[in-house]
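Student: As input, take structure00.pdb (PDB, C-alpha atoms):
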ATOM      1  CA  MET A   1     190.373  24.388  12.034
ATOM      2  CA  SER A   2     188.531  22.313   9.440
ATOM      3  CA  GLU A   3     189.959  19.108  10.925
ATOM      4  CA  ALA A   4     187.925  19.847  14.066
ATOM      5  CA  ILE A   5     184.599  19.669  12.206
ATOM      6  CA  ASP A   6     182.643  16.398  12.164
ATOM      7  CA  PRO A   7     180.886  16.528   8.742
ATOM      8  CA  ALA A   8     177.918  14.336   9.708
ATOM      9  CA  LYS A   9     177.306  16.181  12.975
ATOM     10  CA  ALA A  10     177.705  19.545  11.221
ATOM     11  CA  ALA A  11     175.283  18.565   8.443
ATOM     12  CA  ALA A  12     172.688  17.498  11.012
ATOM     13  CA  ALA A  13     173.166  20.747  12.948
ATOM     14  CA  LEU A  14     172.841  22.791   9.721
ATOM     15  CA  MET A  15     169.590  21.011   8.849
ATOM     16  CA  GLN A  16     168.223  21.558  12.353
ATOM     17  CA  ALA A  17     169.143  25.246  12.175
ATOM     18  CA  LEU A  18     167.550  25.675   8.725
ATOM     19  CA  SER A  19     164.372  23.913   9.729
ATOM     20  CA  SER A  20     163.776  25.538  13.106
ATOM     21  CA  THR A  21     164.735  29.062  12.017
ATOM     22  CA  PHE A  22     162.548  29.065   8.906
ATOM     23  CA  ALA A  23     159.647  27.659  10.901
ATOM     24  CA  GLU A  24     159.940  30.139  13.773
ATOM     25  CA  MET A  25     160.842  33.275  11.807
ATOM     26  CA  ALA A  26     159.215  32.878   8.391
ATOM     27  CA  PHE A  27     156.563  30.217   9.095
ATOM     28  CA  ILE A  28     157.952  28.131   6.208
ATOM     29  CA  ASP A  29     158.341  24.345   6.483
ATOM     30  CA  VAL A  30     161.791  23.177   5.443
ATOM     31  CA  GLU A  31     162.267  19.472   4.758
ATOM     32  CA  PRO A  32     165.600  17.780   4.035
ATOM     33  CA  VAL A  33     166.297  16.336   0.584
ATOM     34  CA  ALA A  34     169.274  14.353  -0.658
ATOM     35  CA  PRO A  35     171.994  16.784  -1.826
ATOM     36  CA  GLY A  36     171.844  15.485  -5.411
ATOM     37  CA  ARG A  37     168.125  16.212  -5.703
ATOM     38  CA  ALA A  38     168.560  19.864  -4.863
ATOM     39  CA  GLY A  39     171.196  20.600  -7.456
ATOM     40  CA  PRO A  40     173.679  21.210  -8.734
ATOM     41  CA  ASP A  41     171.967  23.216 -11.496
ATOM     42  CA  ARG A  42     169.437  24.809  -9.183
ATOM     43  CA  PHE A  43     172.294  26.340  -7.201
ATOM     44  CA  SER A  44     174.744  26.977 -10.009
ATOM     45  CA  ALA A  45     175.969  30.399 -11.037
ATOM     46  CA  LYS A  46     174.010  29.886 -14.257
ATOM     47  CA  ALA A  47     170.742  30.346 -12.409
ATOM     48  CA  THR A  48     169.742  33.946 -13.034
ATOM     49  CA  SER A  49     167.827  34.357  -9.820
ATOM     50  CA  PHE A  50     170.371  32.644  -7.621
ATOM     51  CA  VAL A  51     171.008  34.255  -4.218
ATOM     52  CA  ARG A  52     173.909  33.486  -1.943
ATOM     53  CA  ALA A  53     174.606  34.959   1.494
ATOM     54  CA  ALA A  54     177.377  34.232   3.961
ATOM     55  CA  ILE A  55     178.450  34.928   7.509
ATOM     56  CA  ASP A  56     181.959  34.341   8.794
ATOM     57  CA  VAL A  57     182.463  32.704  12.173
ATOM     58  CA  LEU A  58     185.623  33.853  13.946
ATOM     59  CA  ARG A  59     185.224  31.841  17.170
ATOM     60  CA  PRO A  60     185.083  29.061  18.396
ATOM     61  CA  VAL A  61     186.348  27.927  14.971
ATOM     62  CA  SER A  62     187.059  29.857  11.799
ATOM     63  CA  CYS A  63     184.524  28.924   9.162
ATOM     64  CA  ARG A  64     181.882  30.381   6.866
ATOM     65  CA  ILE A  65     178.176  29.566   6.896
ATOM     66  CA  GLU A  66     176.324  30.157   3.624
ATOM     67  CA  ILE A  67     172.759  29.829   2.484
ATOM     68  CA  GLU A  68     171.821  29.553  -1.175
ATOM     69  CA  CYS A  69     168.352  29.874  -2.637
ATOM     70  CA  GLN A  70     166.382  31.394  -5.490
ATOM     71  CA  ALA A  71     165.239  35.015  -5.350
ATOM     72  CA  SER A  72     161.643  33.797  -5.255
ATOM     73  CA  LEU A  73     162.201  32.366  -1.772
ATOM     74  CA  LYS A  74     163.814  35.598  -0.600
ATOM     75  CA  GLU A  75     160.769  37.502  -1.840
ATOM     76  CA  ARG A  76     158.420  35.035  -0.142
ATOM     77  CA  ILE A  77     160.227  35.494   3.179
ATOM     78  CA  GLU A  78     159.961  39.267   2.966
ATOM     79  CA  ALA A  79     156.304  39.088   2.015
ATOM     80  CA  THR A  80     155.540  36.822   4.972
ATOM     81  CA  LEU A  81     157.466  38.850   7.516
ATOM     82  CA  PHE A  82     156.417  42.317   6.422
ATOM     83  CA  GLN A  83     152.872  41.620   5.246
ATOM     84  CA  GLU A  84     151.303  43.652   8.029
ATOM     85  CA  ARG A  85     153.777  46.524   7.745
ATOM     86  CA  ARG A  86     153.556  47.266   4.033
ATOM     87  CA  ASP A  87     150.777  49.796   4.445
ATOM     88  CA  GLU A  88     152.709  51.587   7.173
ATOM     89  CA  ALA A  89     155.958  51.935   5.238
ATOM     90  CA  PRO A  90     155.357  51.633   1.499
ATOM     91  CA  GLY A  91     158.543  51.632  -0.544
ATOM     92  CA  GLU A  92     160.517  49.758   2.095
ATOM     93  CA  ASP A  93     159.985  46.401   0.349
ATOM     94  CA  GLU A  94     163.345  46.123  -1.400
ATOM     95  CA  LYS A  95     165.331  47.137   1.678
ATOM     96  CA  ASN A  96     163.408  44.706   3.840
ATOM     97  CA  ARG A  97     163.728  41.940   1.231
ATOM     98  CA  GLU A  98     167.503  42.315   1.309
ATOM     99  CA  ASP A  99     167.601  42.410   5.091
ATOM    100  CA  SER A 100     165.243  39.508   5.796
ATOM    101  CA  LEU A 101     167.435  36.758   4.371
ATOM    102  CA  LEU A 102     170.538  38.163   6.082
ATOM    103  CA  GLU A 103     168.786  38.203   9.463
ATOM    104  CA  ILE A 104     167.582  34.642   8.921
ATOM    105  CA  LEU A 105     171.170  33.630   8.124
ATOM    106  CA  ASN A 106     172.347  35.391  11.279
ATOM    107  CA  VAL A 107     169.887  33.399  13.383
ATOM    108  CA  ILE A 108     170.631  30.131  11.521
ATOM    109  CA  SER A 109     174.306  30.632  12.370
ATOM    110  CA  GLY A 110     173.572  31.072  16.057
ATOM    111  CA  VAL A 111     171.293  28.027  16.156
ATOM    112  CA  PHE A 112     173.863  25.967  14.226
ATOM    113  CA  LEU A 113     176.736  26.915  16.528
ATOM    114  CA  THR A 114     174.682  26.129  19.623
ATOM    115  CA  ALA A 115     173.516  22.809  18.142
ATOM    116  CA  TYR A 116     177.055  21.830  17.158
ATOM    117  CA  PHE A 117     179.135  23.128  20.074
ATOM    118  CA  GLY A 118     176.477  23.395  22.778
ATOM    119  CA  PRO A 119     175.779  26.555  24.789
ATOM    120  CA  GLY A 120     178.688  28.275  26.404
ATOM    121  CA  PRO A 121     181.610  28.694  24.033
ATOM    122  CA  ASP A 122     182.972  32.143  23.295
ATOM    123  CA  ILE A 123     181.346  32.919  19.918
ATOM    124  CA  LYS A 124     182.277  35.718  17.559
ATOM    125  CA  LEU A 125     180.450  36.318  14.280
ATOM    126  CA  GLU A 126     181.025  38.817  11.514
ATOM    127  CA  LEU A 127     178.022  40.602  10.001
ATOM    128  CA  PRO A 128     176.123  38.649   7.316
ATOM    129  CA  GLN A 129     176.523  39.732   3.699
ATOM    130  CA  TYR A 130     175.505  38.780   0.166
ATOM    131  CA  LEU A 131     178.017  37.154  -2.152
ATOM    132  CA  TYR A 132     177.529  38.476  -5.672
ATOM    133  CA  PHE A 133     180.168  36.517  -7.546
ATOM    134  CA  SER A 134     182.534  33.621  -7.117
ATOM    135  CA  ASP A 135     186.233  34.181  -7.667
ATOM    136  CA  GLY A 136     186.979  30.489  -7.267
ATOM    137  CA  SER A 137     188.897  30.993  -4.064
ATOM    138  CA  GLU A 138     186.298  29.748  -1.595
ATOM    139  CA  GLY A 139     187.378  27.350   1.081
ATOM    140  CA  ALA A 140     186.484  23.673   1.014
ATOM    141  CA  ILE A 141     182.960  22.530   1.831
ATOM    142  CA  LEU A 142     183.009  20.905   5.274
ATOM    143  CA  ALA A 143     179.306  20.038   5.478
ATOM    144  CA  GLU A 144     176.056  20.881   3.717
ATOM    145  CA  ALA A 145     172.329  20.477   4.135
ATOM    146  CA  ALA A 146     170.004  20.570   1.123
ATOM    147  CA  ALA A 147     166.331  21.146   1.711
ATOM    148  CA  ASP A 148     162.975  22.001   0.205
ATOM    149  CA  ALA A 149     161.251  25.120   1.500
ATOM    150  CA  GLU A 150     157.653  24.482   0.446
ATOM    151  CA  GLY A 151     158.669  24.128  -3.207
ATOM    152  CA  ASP A 152     161.770  26.309  -3.261
ATOM    153  CA  PRO A 153     165.175  24.658  -2.952
ATOM    154  CA  ILE A 154     167.530  25.919  -0.273
ATOM    155  CA  ARG A 155     170.954  24.819   0.786
ATOM    156  CA  ALA A 156     173.130  25.597   3.795
ATOM    157  CA  VAL A 157     176.863  25.134   3.424
ATOM    158  CA  LEU A 158     179.664  25.158   5.976
ATOM    159  CA  ARG A 159     183.028  26.093   4.452
ATOM    160  CA  SER A 160     186.526  26.542   5.702
ATOM    161  CA  ILE A 161     187.834  30.084   5.351
ATOM    162  CA  ARG A 162     190.745  30.663   3.041
ATOM    163  CA  TYR A 163     192.602  33.726   4.244
ATOM    164  CA  ARG A 164     194.737  35.833   1.940
ATOM    165  CA  TYR A 165     197.819  37.608   3.236
TER
ATOM    166  CA  MET B   1     153.195  43.314  34.476
ATOM    167  CA  LYS B   2     154.561  46.839  34.292
ATOM    168  CA  ASN B   3     153.531  49.057  31.402
ATOM    169  CA  TYR B   4     156.407  50.828  29.709
ATOM    170  CA  GLY B   5     156.410  54.326  28.290
ATOM    171  CA  ARG B   6     158.916  54.565  25.486
ATOM    172  CA  VAL B   7     160.873  51.487  24.433
ATOM    173  CA  LEU B   8     164.040  51.722  22.325
ATOM    174  CA  ILE B   9     164.822  48.746  20.058
ATOM    175  CA  VAL B  10     168.439  48.679  18.841
ATOM    176  CA  ASP B  11     169.342  46.350  15.970
ATOM    177  CA  ASP B  12     171.033  46.833  12.607
ATOM    178  CA  SER B  13     168.445  44.534  11.017
ATOM    179  CA  SER B  14     165.078  46.093  10.122
ATOM    180  CA  THR B  15     163.666  42.558  10.130
ATOM    181  CA  SER B  16     164.798  41.947  13.680
ATOM    182  CA  ARG B  17     163.484  45.323  14.898
ATOM    183  CA  MET B  18     160.096  44.564  13.377
ATOM    184  CA  ILE B  19     159.965  41.040  14.814
ATOM    185  CA  ILE B  20     160.883  42.221  18.317
ATOM    186  CA  GLN B  21     158.166  44.900  18.228
ATOM    187  CA  ARG B  22     155.627  42.396  16.904
ATOM    188  CA  CYS B  23     156.513  39.890  19.644
ATOM    189  CA  MET B  24     156.154  42.595  22.295
ATOM    190  CA  GLU B  25     152.715  43.475  20.929
ATOM    191  CA  MET B  26     151.638  39.821  20.692
ATOM    192  CA  ALA B  27     152.814  39.266  24.272
ATOM    193  CA  GLY B  28     150.546  42.072  25.417
ATOM    194  CA  ILE B  29     153.379  44.136  26.898
ATOM    195  CA  GLY B  30     152.105  47.687  27.253
ATOM    196  CA  VAL B  31     154.248  50.270  25.458
ATOM    197  CA  THR B  32     153.358  53.914  24.758
ATOM    198  CA  GLU B  33     155.805  54.396  21.889
ATOM    199  CA  TYR B  34     158.559  52.444  20.120
ATOM    200  CA  LEU B  35     161.786  54.136  19.075
ATOM    201  CA  PHE B  36     164.455  52.507  16.916
ATOM    202  CA  ALA B  37     168.215  52.687  16.405
ATOM    203  CA  GLU B  38     170.590  50.727  14.171
ATOM    204  CA  ASN B  39     173.610  50.475  16.488
ATOM    205  CA  GLY B  40     174.938  51.555  19.863
ATOM    206  CA  LEU B  41     176.046  54.995  18.680
ATOM    207  CA  ASP B  42     172.638  55.746  17.165
ATOM    208  CA  ALA B  43     171.029  54.461  20.351
ATOM    209  CA  PHE B  44     172.956  56.898  22.552
ATOM    210  CA  ALA B  45     171.911  59.740  20.273
ATOM    211  CA  THR B  46     168.282  58.611  20.549
ATOM    212  CA  LEU B  47     168.522  58.321  24.344
ATOM    213  CA  ARG B  48     169.908  61.847  24.651
ATOM    214  CA  ALA B  49     167.289  63.298  22.305
ATOM    215  CA  ASN B  50     164.268  61.612  23.882
ATOM    216  CA  SER B  51     163.076  61.567  27.465
ATOM    217  CA  GLY B  52     160.882  58.895  28.982
ATOM    218  CA  ILE B  53     162.658  55.830  27.563
ATOM    219  CA  GLU B  54     162.146  53.133  30.187
ATOM    220  CA  LEU B  55     163.379  50.034  28.392
ATOM    221  CA  VAL B  56     166.146  49.356  25.874
ATOM    222  CA  ILE B  57     166.187  46.099  23.903
ATOM    223  CA  THR B  58     169.459  45.668  22.047
ATOM    224  CA  ASP B  59     171.151  43.194  19.738
ATOM    225  CA  ILE B  60     174.817  42.268  20.298
ATOM    226  CA  ASN B  61     176.327  41.939  16.837
ATOM    227  CA  MET B  62     176.067  45.398  15.232
ATOM    228  CA  PRO B  63     178.382  47.719  13.287
ATOM    229  CA  LYS B  64     179.890  50.959  14.686
ATOM    230  CA  MET B  65     179.122  50.110  18.325
ATOM    231  CA  ASP B  66     178.113  46.583  19.327
ATOM    232  CA  GLY B  67     175.569  45.732  21.973
ATOM    233  CA  ARG B  68     178.130  44.604  24.523
ATOM    234  CA  THR B  69     179.909  47.978  24.447
ATOM    235  CA  PHE B  70     176.619  49.863  24.341
ATOM    236  CA  ALA B  71     175.171  48.007  27.340
ATOM    237  CA  THR B  72     178.380  48.438  29.331
ATOM    238  CA  LEU B  73     178.495  52.198  28.665
ATOM    239  CA  LEU B  74     174.778  52.566  29.330
ATOM    240  CA  ARG B  75     175.006  50.758  32.665
ATOM    241  CA  GLY B  76     178.001  52.883  33.571
ATOM    242  CA  ASP B  77     176.035  56.120  33.084
ATOM    243  CA  SER B  78     174.326  56.961  36.358
ATOM    244  CA  SER B  79     171.931  59.362  34.615
ATOM    245  CA  MET B  80     170.442  56.387  32.748
ATOM    246  CA  ALA B  81     170.430  53.940  35.659
ATOM    247  CA  SER B  82     166.628  53.692  35.700
ATOM    248  CA  ILE B  83     166.463  52.372  32.115
ATOM    249  CA  ALA B  84     166.051  48.590  31.980
ATOM    250  CA  VAL B  85     168.252  46.799  29.429
ATOM    251  CA  VAL B  86     167.384  43.529  27.686
ATOM    252  CA  ILE B  87     169.784  41.840  25.260
ATOM    253  CA  VAL B  88     168.666  39.840  22.219
ATOM    254  CA  SER B  89     171.298  37.779  20.472
ATOM    255  CA  SER B  90     171.612  35.029  17.894
ATOM    256  CA  ILE B  91     174.384  33.389  19.907
ATOM    257  CA  ALA B  92     174.109  31.486  23.169
ATOM    258  CA  ASP B  93     177.225  32.568  25.019
ATOM    259  CA  SER B  94     176.926  31.814  28.730
ATOM    260  CA  VAL B  95     180.140  33.696  29.568
ATOM    261  CA  LEU B  96     178.878  36.845  27.853
ATOM    262  CA  GLU B  97     175.475  36.433  29.503
ATOM    263  CA  MET B  98     177.055  36.252  32.973
ATOM    264  CA  GLU B  99     179.177  39.309  32.176
ATOM    265  CA  LEU B 100     176.145  41.287  31.003
ATOM    266  CA  ARG B 101     174.029  40.287  33.974
ATOM    267  CA  SER B 102     176.853  41.271  36.329
ATOM    268  CA  ILE B 103     176.757  44.852  35.014
ATOM    269  CA  GLY B 104     172.986  45.082  35.462
ATOM    270  CA  VAL B 105     171.437  43.799  32.237
ATOM    271  CA  LYS B 106     167.910  42.603  33.042
ATOM    272  CA  SER B 107     167.891  39.515  30.848
ATOM    273  CA  VAL B 108     169.302  37.927  27.703
ATOM    274  CA  VAL B 109     167.028  36.513  24.987
ATOM    275  CA  LYS B 110     168.231  34.046  22.352
ATOM    276  CA  LYS B 111     167.026  34.682  18.780
ATOM    277  CA  PRO B 112     164.683  33.812  17.202
ATOM    278  CA  VAL B 113     162.579  35.823  19.620
ATOM    279  CA  SER B 114     158.990  34.880  20.358
ATOM    280  CA  PRO B 115     156.172  36.492  22.361
ATOM    281  CA  ALA B 116     156.759  33.968  25.164
ATOM    282  CA  LYS B 117     160.485  34.718  25.295
ATOM    283  CA  MET B 118     159.872  38.472  25.381
ATOM    284  CA  LEU B 119     157.230  38.117  28.058
ATOM    285  CA  GLN B 120     159.601  36.092  30.204
ATOM    286  CA  ALA B 121     162.496  38.488  29.618
ATOM    287  CA  ILE B 122     160.558  41.688  30.237
ATOM    288  CA  GLY B 123     158.661  40.196  33.116
ATOM    289  CA  GLU B 124     161.765  39.134  35.020
ATOM    290  CA  GLY B 125     162.024  41.271  38.111
ATOM    291  CA  SER B 126     158.979  43.395  37.266
TER
END
Show me, as structure tokens, the structure contained in the file I just sent.

Tutor:
Amino acid sequence: MSEAIDPAKAAAALMQALSSTFAEMAFIDVEPVAPGRAGPDRFSAKATSFVRAAIDVLRPVSCRIEIECQASLKERIEATLFQERRDEAPGEDEKNREDSLLEILNVISGVFLTAYFGPGPDIKLELPQYLYFSDGSEGAILAEAAADAEGDPIRAVLRSIRYRY
Amino acid sequence: MKNYGRVLIVDDSSTSRMIIQRCMEMAGIGVTEYLFAENGLDAFATLRANSGIELVITDINMPKMDGRTFATLLRGDSSMASIAVVIVSSIADSVLEMELRSIGVKSVVKKPVSPAKMLQAIGEGS
């Protein structure tokens, strides 16, 4: 279904989703930067603290939405969200840190799909997950939005899904 | 605005459960106690083990039993007819919203949730 995606419209919708979700959920300002300024080294597999999470969209089109950032941003998100709860549940930090970015990706995906397709279409999402390695078989990049999250680089990528049978 | 006794928040994300509770508190919605479950199956177990739950707030996209199935089964159980059900979801699906409202779901809230959204959702029909 990649031919159905308008790259410019998708990139704008990704940026809108990144910006509004980070502002509303994590109280972090996200500003767009030119794709070249945000990478590629800062998002390469060589970066030791590189984090990559993805959610597959099954309807209305088959695609994958990814976010890529450094672990420092993931830790900042968790610290912001759970600041008041740390005294109540000490030891939950790592679990919450893992969950926070996935929930933000889940919301980004919903905001993106609404911004791109409008409200109303039958939408089906898989559960978000971390990607720990690249086997080189990812689908093609259909659109991307590179941004600065108050000093930390972040990138949202829309990919086609390459199914294996 | 009605005060609620026990409120059950159902979401596989600990972040989302925390944010929903925080928004409820910031909105000034009176709740005696919050209970939590990670999916529809866990939620049914919690409902059977605890009396006095007056409101269930549930996500849609969850493992084991999703929110759509959970809400449908819950609304089909006459012994739990008095429990209000509010859906929170990251997707804006008007067809699903109409379907859920037709079975008796009180309201549907689009994530990210906020105190204002929760106040509007919980306040509807109160």

Student: Run through the ChimeraX specification (/A :<6) & /B on the given coordinates and return the selected residues as number ranges by chain.

Tutor: B: 15, 90-94

Student: Could you give me, as an NGL selection string, the residues within 10 Å of Pro32 in chain A, counting only C-alpha atoms and dropping anything in the same chain fewer than 6 positions from it?

Tutor: :A and (12 or 15-16 or 18-19 or 38 or 145-149 or 153-155)

Student: Just to confirm, what's the straight-line distance from CA of Glu99 in chain B to CA of Ala115 in chain A in Å (one decimal)?

Tutor: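 So the two atoms, CA of Glu99 in chain B and CA of Ala115 in chain A, lie 22.4 Å apart.
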
Student: Using only C-alpha atoms, determine which residues lie at most 6 Å from range 63-73 of chain B, disregarding the query and same-chain residues fewer than 5 positions distant; provide the list as an MDAnalysis selection string.

Tutor: chainID B and resid 39:41

Student: Rounded to one decimal place, report the CA of Lys74 in chain A-CA of Tyr34 in chain B distance in Å.

Tutor: 27.2 Å

Student: With distances taken over all atoms listed in the file, which of B:Leu47, B:Leu96, B:Arg75, B:Asn3 is nearest to Ile60 in chain B?

Tutor: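 With all atoms listed in the file as the atom set, the closest residue is B:Leu96.
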
Student: Counting all atoms listed in the file, which residue out of B:Val105, B:Val10, B:Ile19, B:Ala43 sits closest to Thr58 in chain B?

Tutor: B:Val10

Student: Can you tell me which residues surround Arg48 in chain B at a distance of at most 12 Å, considering only C-alpha atoms, apart from same-chain residues fewer than 2 positions away, and format the answer as a PyMOL selection string?

Tutor: chain B and resi 8+41-46+50-53+74+77+79-80

Student: Quick one, how far is CA of Phe117 in chain A from CA of Val61 in chain A?

Tutor: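 These atoms are spaced 10.1 Å apart.
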
Student: Name the residues captured by the PyMOL selection byres ((chain B and resi 27-32) around 8) when it is applied to the shown file; answer as a list in words.

Tutor: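 Checking the PyMOL selection byres ((chain B and resi 27-32) around 8) against this file, the residues are Met1, Lys2, Asn3, Tyr4, Gly5, Arg6, Val7, Cys23, Met24, Glu25, Met26, Glu33, Tyr34, Pro115, Ala116, Met118 and Leu119 of chain B.
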
Student: Since I can't run it myself right now, could you work out what the PyMOL selection byres ((chain A and resi 66-69) around 8) selects here and report it as a ChimeraX atom specification?

Tutor: /A:43,50-55,64-65,70-71,73-74,105,152-159
